[in-house]
$ cat work_0.cif   # mmCIF, C-alpha atoms
data_structure
loop_
_atom_site.label_atom_id
_atom_site.label_comp_id
_atom_site.auth_asym_id
_atom_site.auth_seq_id
_atom_site.Cartn_x
_atom_site.Cartn_y
_atom_site.Cartn_z
CA MET A 322 -84.73 113.02 65.97
CA SER A 323 -84.24 109.86 63.94
CA THR A 324 -86.32 109.19 60.83
CA PRO A 325 -88.59 106.17 61.23
CA VAL A 326 -87.59 103.25 59.03
CA GLU A 327 -90.34 101.82 56.84
CA ARG A 328 -90.99 98.23 57.74
CA PRO A 329 -90.76 95.66 54.97
CA LEU A 330 -94.08 94.22 53.87
CA ARG A 331 -95.13 90.85 55.25
CA ARG A 332 -94.64 88.01 52.81
CA ASP A 333 -98.34 87.73 51.94
CA ALA A 334 -98.68 91.50 51.59
CA GLU A 335 -95.70 91.65 49.25
CA ARG A 336 -97.13 88.76 47.25
CA ASN A 337 -100.42 90.64 46.89
CA ARG A 338 -98.58 93.80 45.87
CA ARG A 339 -96.78 91.95 43.09
CA ARG A 340 -100.03 90.35 41.92
CA ILE A 341 -101.69 93.75 41.78
CA LEU A 342 -98.79 95.27 39.82
CA ALA A 343 -98.70 92.36 37.38
CA ALA A 344 -102.45 92.50 36.81
CA ALA A 345 -102.44 96.28 36.41
CA ARG A 346 -99.57 96.04 33.94
CA THR A 347 -101.55 93.64 31.75
CA VAL A 348 -104.85 95.52 32.02
CA PHE A 349 -103.31 98.95 31.41
CA ALA A 350 -101.33 97.68 28.41
CA GLU A 351 -104.41 96.12 26.83
CA ARG A 352 -107.11 98.64 27.72
CA GLY A 353 -105.44 101.87 28.82
CA LEU A 354 -105.40 103.75 32.10
CA ASP A 355 -109.14 104.29 32.49
CA VAL A 356 -109.92 100.87 33.94
CA SER A 357 -111.29 100.92 37.48
CA MET A 358 -109.51 99.73 40.59
CA ASP A 359 -112.27 97.10 40.90
CA GLU A 360 -111.30 95.68 37.51
CA ILE A 361 -107.65 95.58 38.52
CA ALA A 362 -108.58 93.80 41.74
CA ARG A 363 -110.56 91.18 39.81
CA ALA A 364 -107.66 90.63 37.42
CA ALA A 365 -105.29 90.23 40.38
CA GLY A 366 -107.65 87.89 42.24
CA VAL A 367 -107.74 90.08 45.35
CA GLY A 368 -110.32 92.29 47.01
CA VAL A 369 -110.50 95.92 46.00
CA GLY A 370 -109.71 96.85 49.61
CA THR A 371 -106.37 95.09 49.22
CA VAL A 372 -105.61 97.19 46.15
CA TYR A 373 -106.40 100.43 47.98
CA ARG A 374 -104.28 99.41 50.98
CA ARG A 375 -101.26 98.97 48.74
CA PHE A 376 -102.07 101.89 46.39
CA PRO A 377 -104.43 104.51 47.93
CA ASP A 378 -105.10 106.10 44.54
CA ARG A 379 -104.66 105.35 40.86
CA ASP A 380 -101.77 107.81 40.48
CA GLN A 381 -99.63 105.86 42.93
CA LEU A 382 -100.33 102.64 41.04
CA VAL A 383 -99.53 104.27 37.68
CA SER A 384 -96.30 105.72 39.06
CA ALA A 385 -95.21 102.39 40.51
CA LEU A 386 -95.75 100.73 37.13
CA PHE A 387 -94.48 103.31 34.69
CA GLU A 388 -91.56 105.11 36.31
CA ASP A 389 -89.05 102.70 34.76
CA GLU A 390 -90.72 102.95 31.35
CA MET A 391 -90.65 106.75 31.46
CA ASN A 392 -86.98 106.72 32.38
CA GLY A 393 -86.47 104.33 29.47
CA VAL A 394 -87.98 106.91 27.10
CA ILE A 395 -85.46 109.48 28.35
CA GLY A 396 -82.70 106.95 27.74
CA LEU A 397 -84.02 106.33 24.23
CA ALA A 398 -83.84 110.04 23.37
CA GLN A 399 -80.30 110.21 24.72
CA ARG A 400 -79.23 107.19 22.64
CA CYS A 401 -80.77 108.74 19.54
CA LEU A 402 -78.81 111.94 20.16
CA ALA A 403 -75.64 109.86 20.35
CA LEU A 404 -76.16 108.40 16.86
CA ASP A 405 -73.78 109.78 14.24
CA ASP A 406 -76.55 110.32 11.67
CA PRO A 407 -78.98 113.08 12.80
CA TRP A 408 -81.74 111.81 10.48
CA GLU A 409 -81.36 108.30 11.87
CA GLY A 410 -81.68 109.81 15.36
CA VAL A 411 -85.07 111.35 14.56
CA VAL A 412 -86.35 108.24 12.75
CA THR A 413 -85.15 105.85 15.44
CA PHE A 414 -86.79 107.91 18.16
CA LEU A 415 -90.15 108.06 16.39
CA GLU A 416 -90.12 104.39 15.37
CA GLU A 417 -89.21 103.17 18.84
CA MET A 418 -91.74 105.44 20.53
CA CYS A 419 -94.45 104.13 18.22
CA HIS A 420 -93.46 100.52 18.85
CA ARG A 421 -93.69 101.11 22.59
CA ALA A 422 -97.08 102.80 22.26
CA ALA A 423 -98.40 99.96 20.08
CA ALA A 424 -97.37 97.40 22.69
CA ASP A 425 -98.67 99.34 25.70
CA ARG A 426 -101.83 101.45 25.51
CA GLY A 427 -101.33 102.68 29.06
CA LEU A 428 -97.86 104.01 28.30
CA LYS A 429 -99.21 105.72 25.19
CA GLN A 430 -101.85 107.52 27.24
CA LEU A 431 -99.31 108.47 29.87
CA LEU A 432 -96.99 110.00 27.28
CA LEU A 433 -99.69 111.94 25.45
CA SER A 434 -101.93 113.22 28.25
CA THR A 435 -101.72 115.05 31.56
CA GLY A 436 -103.14 114.27 34.96
CA ARG A 437 -102.32 110.58 34.66
CA ALA A 438 -99.47 110.25 37.15
CA ARG A 439 -97.70 111.74 40.14
CA CYS A 440 -95.23 114.59 39.93
CA GLU A 441 -92.11 112.43 39.53
CA ILE A 442 -93.39 111.03 36.25
CA GLU A 443 -94.57 114.49 35.19
CA ARG A 444 -91.02 115.75 35.74
CA THR A 445 -89.59 112.89 33.71
CA ARG A 446 -91.99 113.66 30.88
CA ASP A 447 -91.08 117.34 31.01
CA ALA A 448 -87.40 116.41 30.77
CA LEU A 449 -88.09 114.74 27.42
CA HIS A 450 -88.98 117.99 25.61
CA PRO A 451 -85.48 119.55 25.51
CA LEU A 452 -84.03 116.25 24.29
CA VAL A 453 -86.53 116.08 21.42
CA THR A 454 -85.80 119.75 20.66
CA GLU A 455 -82.12 118.88 20.41
CA LEU A 456 -82.91 115.96 18.06
CA VAL A 457 -84.82 118.36 15.80
CA ASP A 458 -82.22 121.14 15.94
CA ARG A 459 -79.37 118.75 15.18
CA ALA A 460 -81.15 117.26 12.15
CA GLN A 461 -82.06 120.71 10.83
CA ALA A 462 -78.47 121.91 11.21
CA ALA A 463 -77.37 118.90 9.15
CA GLY A 464 -79.86 119.80 6.41
CA VAL A 465 -81.80 116.53 6.66
CA LEU A 466 -84.97 117.86 8.32
CA ARG A 467 -87.30 120.57 7.08
CA ASP A 468 -86.58 123.94 8.68
CA ASP A 469 -90.14 124.70 9.75
CA LEU A 470 -90.48 121.68 12.06
CA VAL A 471 -90.51 122.12 15.84
CA ALA A 472 -90.32 119.65 18.70
CA THR A 473 -94.06 119.80 19.38
CA ASP A 474 -94.65 118.56 15.82
CA ILE A 475 -92.97 115.31 16.89
CA LEU A 476 -95.58 115.01 19.64
CA LEU A 477 -98.37 115.68 17.17
CA MET A 478 -97.03 112.90 14.96
CA GLN A 479 -97.20 110.52 17.91
CA VAL A 480 -100.77 111.62 18.63
CA ALA A 481 -101.69 111.00 14.98
CA ILE A 482 -100.05 107.57 14.99
CA GLY A 483 -101.78 106.77 18.29
CA GLY A 484 -105.11 107.58 16.65
CA VAL A 485 -104.32 105.16 13.82
CA MET A 486 -103.44 102.47 16.37
CA ASP A 487 -106.76 102.94 18.14
CA TRP A 488 -108.77 103.20 14.92
CA ALA A 489 -107.34 100.28 12.94
CA GLY A 490 -105.61 98.19 15.58
CA ASP A 491 -108.24 95.46 15.71
CA VAL A 492 -108.13 95.06 11.93
CA ALA A 493 -104.54 95.86 10.93
CA PRO A 494 -102.39 96.29 14.06
CA ASP A 495 -99.22 97.13 12.11
CA VAL A 496 -100.64 99.63 9.61
CA TRP A 497 -99.39 102.50 11.78
CA ALA A 498 -95.90 101.81 10.38
CA ARG A 499 -97.11 102.71 6.91
CA VAL A 500 -98.60 105.98 8.16
CA LEU A 501 -95.37 106.73 10.01
CA GLY A 502 -93.50 106.21 6.73
CA ILE A 503 -95.74 108.80 5.05
CA LEU A 504 -95.15 111.27 7.87
CA LEU A 505 -91.40 110.71 7.88
CA ASP A 506 -91.26 111.33 4.15
CA GLY A 507 -92.95 114.67 4.81
CA LEU A 508 -90.19 115.64 7.24
CA ARG A 509 -87.49 115.55 4.58
CA PRO A 510 -86.40 118.80 2.94
CA ARG A 511 -86.01 117.07 -0.48
CA ARG A 512 -88.78 115.05 -2.06
CA ASP A 513 -86.35 112.88 -4.07
CA ALA A 514 -85.11 111.29 -0.85
CA ALA A 515 -88.33 109.35 -0.26
CA GLU A 516 -88.10 105.64 0.58
CA PRO A 517 -90.64 102.86 -0.07
CA LEU A 518 -93.45 102.83 2.45
CA PRO A 519 -93.27 99.96 4.95
CA GLY A 520 -96.04 97.40 4.74
CA PRO A 521 -99.12 97.18 2.53
CA ALA A 522 -101.88 99.75 2.36
CA LEU A 523 -105.27 98.94 3.88
CA GLY A 524 -107.67 97.26 1.50
CA ALA A 525 -111.19 98.61 1.03
CA ASP A 526 -112.64 95.79 3.16
CA GLU A 527 -110.18 96.52 5.96
CA VAL A 528 -111.17 100.19 5.93
CA LEU A 529 -114.82 99.23 6.32
CA ARG A 530 -114.03 96.78 9.11
CA ALA A 531 -111.92 99.37 10.94
CA MET A 532 -114.71 101.93 10.65
CA HIS A 533 -117.17 99.38 12.07
CA GLU A 534 -114.90 98.40 14.96
CA HIS A 535 -114.25 102.06 15.78
CA ARG A 536 -117.99 102.82 15.86
CA VAL A 537 -118.79 99.75 17.94
CA GLY A 538 -115.96 100.48 20.36
CA ARG A 539 -117.38 103.93 21.03
CA GLY A 540 -120.86 102.55 21.56
#
$ encode --input "work_0.cif" --output "structure tokens"
Amino acid sequence: MSTPVERPLRRDAERNRRRILAAARTVFAERGLDVSMDEIARAAGVGVGTVYRRFPDRDQLVSALFEDEMNGVIGLAQRCLALDDPWEGVVTFLEEMCHRAAADRGLKQLLLSTGRARCEIERTRDALHPLVTELVDRAQAAGVLRDDLVATDILLMQVAIGGVMDWAGDVAPDVWARVLGILLDGLRPRRDAAEPLPGPALGADEVLRAMHEHRVGRG
């Protein structure tokens, strides 16, 4: 028995699909994955029924948008493992992951939470753990990373940096790089290897503004 061939979408249906994906990409990047399908429909300029016809649930929409980005994260880890300097591999991975999270709130949520996507993206995310473990093991074997670090600590660092992005992003969107510098310094086995922290520290007025924005944002 032959397998039925999926018909290509009509031109107007394909146009609507692309509008929905483009709108969802923008909305997810700016506001995260918790926006409603109604909000995505408004941003795309289509009815919510059109969104549900193309993507029956949010997971399918998330998967359609983020599968390439998740595969790109796997590629990043592989490139970092290919670097000659094991310390540079760890630093490059963390810096690039943080840059991606800062630019895309939806991707940050997808990387650091469960239940946000279909199984193919879950499998891709699971495939990242052994690569990060290898990054850690290689740096420790070279004597450039503290011996008591484990791969899950790298995830915790990303969670901490993500919290800084959410907390201070409206006031000082790049201050996360300074916090990452502090955390990276703490990963070194020798304190005399510290480097200057990137970027300026928050001023007292910026701290107060960030605290206000965080409170207001939470209602």
$ residues_around --input "work_0.cif" --residues "Val369 in chain A" --least-positions-apart "3" --cutoff "7 Å" --atoms "all atoms listed in the file" --output "MDAnalysis selection string"
chainID A and resid 358:359 362 372:373
$ write_last_selection --input "work_0.cif" --atoms "C-alpha atoms" --output "tab-separated table (two decimals), in the frame of the given file"
chain	number	residue	atom	x	y	z
A	358	MET	CA	-109.51	99.73	40.59
A	359	ASP	CA	-112.27	97.10	40.90
A	362	ALA	CA	-108.58	93.80	41.74
A	372	VAL	CA	-105.61	97.19	46.15
A	373	TYR	CA	-106.40	100.43	47.98
$ residues_near_point --input "work_0.cif" --point "(-98.8, 96.8, 24.8)" --cutoff "12 Å" --atoms "all atoms listed in the file" --output "list of chain:residue names"
A:Arg346, A:Thr347, A:Val348, A:Phe349, A:Ala350, A:Glu351, A:Arg352, A:Gly353, A:Met418, A:Cys419, A:His420, A:Arg421, A:Ala422, A:Ala423, A:Ala424, A:Asp425, A:Arg426, A:Gly427, A:Leu428, A:Lys429, A:Gln430, A:Met486, A:Gly490, A:Pro494
$ resolve_selection --input "work_0.cif" --expression "the PyMOL selection byres ((chain A and resi 338) around 12)" --output "VMD selection string"
chain A and resid 330 to 337 339 to 345 361 to 362 365 to 368 371 to 376 382 385 to 386
$ write_last_selection --input "work_0.cif" --atoms "C-alpha atoms" --output "mmCIF file, in the coordinates of the input"
data_model
loop_
_atom_site.group_PDB
_atom_site.id
_atom_site.type_symbol
_atom_site.label_atom_id
_atom_site.label_comp_id
_atom_site.auth_asym_id
_atom_site.auth_seq_id
_atom_site.Cartn_x
_atom_site.Cartn_y
_atom_site.Cartn_z
ATOM 1 C CA LEU A 330 -94.080 94.220 53.870
ATOM 2 C CA ARG A 331 -95.130 90.850 55.250
ATOM 3 C CA ARG A 332 -94.640 88.010 52.810
ATOM 4 C CA ASP A 333 -98.340 87.730 51.940
ATOM 5 C CA ALA A 334 -98.680 91.500 51.590
ATOM 6 C CA GLU A 335 -95.700 91.650 49.250
ATOM 7 C CA ARG A 336 -97.130 88.760 47.250
ATOM 8 C CA ASN A 337 -100.420 90.640 46.890
ATOM 9 C CA ARG A 339 -96.780 91.950 43.090
ATOM 10 C CA ARG A 340 -100.030 90.350 41.920
ATOM 11 C CA ILE A 341 -101.690 93.750 41.780
ATOM 12 C CA LEU A 342 -98.790 95.270 39.820
ATOM 13 C CA ALA A 343 -98.700 92.360 37.380
ATOM 14 C CA ALA A 344 -102.450 92.500 36.810
ATOM 15 C CA ALA A 345 -102.440 96.280 36.410
ATOM 16 C CA ILE A 361 -107.650 95.580 38.520
ATOM 17 C CA ALA A 362 -108.580 93.800 41.740
ATOM 18 C CA ALA A 365 -105.290 90.230 40.380
ATOM 19 C CA GLY A 366 -107.650 87.890 42.240
ATOM 20 C CA VAL A 367 -107.740 90.080 45.350
ATOM 21 C CA GLY A 368 -110.320 92.290 47.010
ATOM 22 C CA THR A 371 -106.370 95.090 49.220
ATOM 23 C CA VAL A 372 -105.610 97.190 46.150
ATOM 24 C CA TYR A 373 -106.400 100.430 47.980
ATOM 25 C CA ARG A 374 -104.280 99.410 50.980
ATOM 26 C CA ARG A 375 -101.260 98.970 48.740
ATOM 27 C CA PHE A 376 -102.070 101.890 46.390
ATOM 28 C CA LEU A 382 -100.330 102.640 41.040
ATOM 29 C CA ALA A 385 -95.210 102.390 40.510
ATOM 30 C CA LEU A 386 -95.750 100.730 37.130
#
$ resolve_selection --input "work_0.cif" --expression "the PyMOL selection byres ((chain A and resi 414) around 9)" --output "CSV table (one decimal) with C-alpha atoms, in the coordinates of the input"
chain,number,residue,atom,x,y,z
A,397,LEU,CA,-84.0,106.3,24.2
A,398,ALA,CA,-83.8,110.0,23.4
A,400,ARG,CA,-79.2,107.2,22.6
A,401,CYS,CA,-80.8,108.7,19.5
A,409,GLU,CA,-81.4,108.3,11.9
A,410,GLY,CA,-81.7,109.8,15.4
A,411,VAL,CA,-85.1,111.4,14.6
A,412,VAL,CA,-86.4,108.2,12.8
A,413,THR,CA,-85.2,105.8,15.4
A,415,LEU,CA,-90.2,108.1,16.4
A,416,GLU,CA,-90.1,104.4,15.4
A,417,GLU,CA,-89.2,103.2,18.8
A,418,MET,CA,-91.7,105.4,20.5
A,419,CYS,CA,-94.4,104.1,18.2
A,453,VAL,CA,-86.5,116.1,21.4
A,456,LEU,CA,-82.9,116.0,18.1
$ resolve_selection --input "work_0.cif" --expression "the PyMOL selection byres ((chain A and resi 495) around 10)" --output "JSON list (two decimals) with C-alpha atoms, in the coordinates of the input"
[["chain", "number", "residue", "atom", "x", "y", "z"],
["A", 420, "HIS", "CA", -93.46, 100.52, 18.85],
["A", 423, "ALA", "CA", -98.40, 99.96, 20.08],
["A", 485, "VAL", "CA", -104.32, 105.16, 13.82],
["A", 486, "MET", "CA", -103.44, 102.47, 16.37],
["A", 489, "ALA", "CA", -107.34, 100.28, 12.94],
["A", 490, "GLY", "CA", -105.61, 98.19, 15.58],
["A", 491, "ASP", "CA", -108.24, 95.46, 15.71],
["A", 492, "VAL", "CA", -108.13, 95.06, 11.93],
["A", 493, "ALA", "CA", -104.54, 95.86, 10.93],
["A", 494, "PRO", "CA", -102.39, 96.29, 14.06],
["A", 496, "VAL", "CA", -100.64, 99.63, 9.61],
["A", 497, "TRP", "CA", -99.39, 102.50, 11.78],
["A", 498, "ALA", "CA", -95.90, 101.81, 10.38],
["A", 499, "ARG", "CA", -97.11, 102.71, 6.91],
["A", 500, "VAL", "CA", -98.60, 105.98, 8.16],
["A", 519, "PRO", "CA", -93.27, 99.96, 4.95],
["A", 520, "GLY", "CA", -96.04, 97.40, 4.74],
["A", 521, "PRO", "CA", -99.12, 97.18, 2.53]]
$ residues_near_point --input "work_0.cif" --point "(-82.3, 121.8, 12.7)" --cutoff "12 Å" --atoms "only C-alpha atoms" --output "short mmCIF file (atom, residue, chain, number, x, y, z; two decimals) with C-alpha atoms, keeping the file's coordinate frame"
data_model
loop_
_atom_site.label_atom_id
_atom_site.label_comp_id
_atom_site.auth_asym_id
_atom_site.auth_seq_id
_atom_site.Cartn_x
_atom_site.Cartn_y
_atom_site.Cartn_z
CA PRO A 407 -78.98 113.08 12.80
CA TRP A 408 -81.74 111.81 10.48
CA VAL A 411 -85.07 111.35 14.56
CA VAL A 453 -86.53 116.08 21.42
CA THR A 454 -85.80 119.75 20.66
CA GLU A 455 -82.12 118.88 20.41
CA LEU A 456 -82.91 115.96 18.06
CA VAL A 457 -84.82 118.36 15.80
CA ASP A 458 -82.22 121.14 15.94
CA ARG A 459 -79.37 118.75 15.18
CA ALA A 460 -81.15 117.26 12.15
CA GLN A 461 -82.06 120.71 10.83
CA ALA A 462 -78.47 121.91 11.21
CA ALA A 463 -77.37 118.90 9.15
CA GLY A 464 -79.86 119.80 6.41
CA VAL A 465 -81.80 116.53 6.66
CA LEU A 466 -84.97 117.86 8.32
CA ARG A 467 -87.30 120.57 7.08
CA ASP A 468 -86.58 123.94 8.68
CA ASP A 469 -90.14 124.70 9.75
CA LEU A 470 -90.48 121.68 12.06
CA VAL A 471 -90.51 122.12 15.84
CA ALA A 472 -90.32 119.65 18.70
CA LEU A 508 -90.19 115.64 7.24
CA ARG A 509 -87.49 115.55 4.58
CA PRO A 510 -86.40 118.80 2.94
#
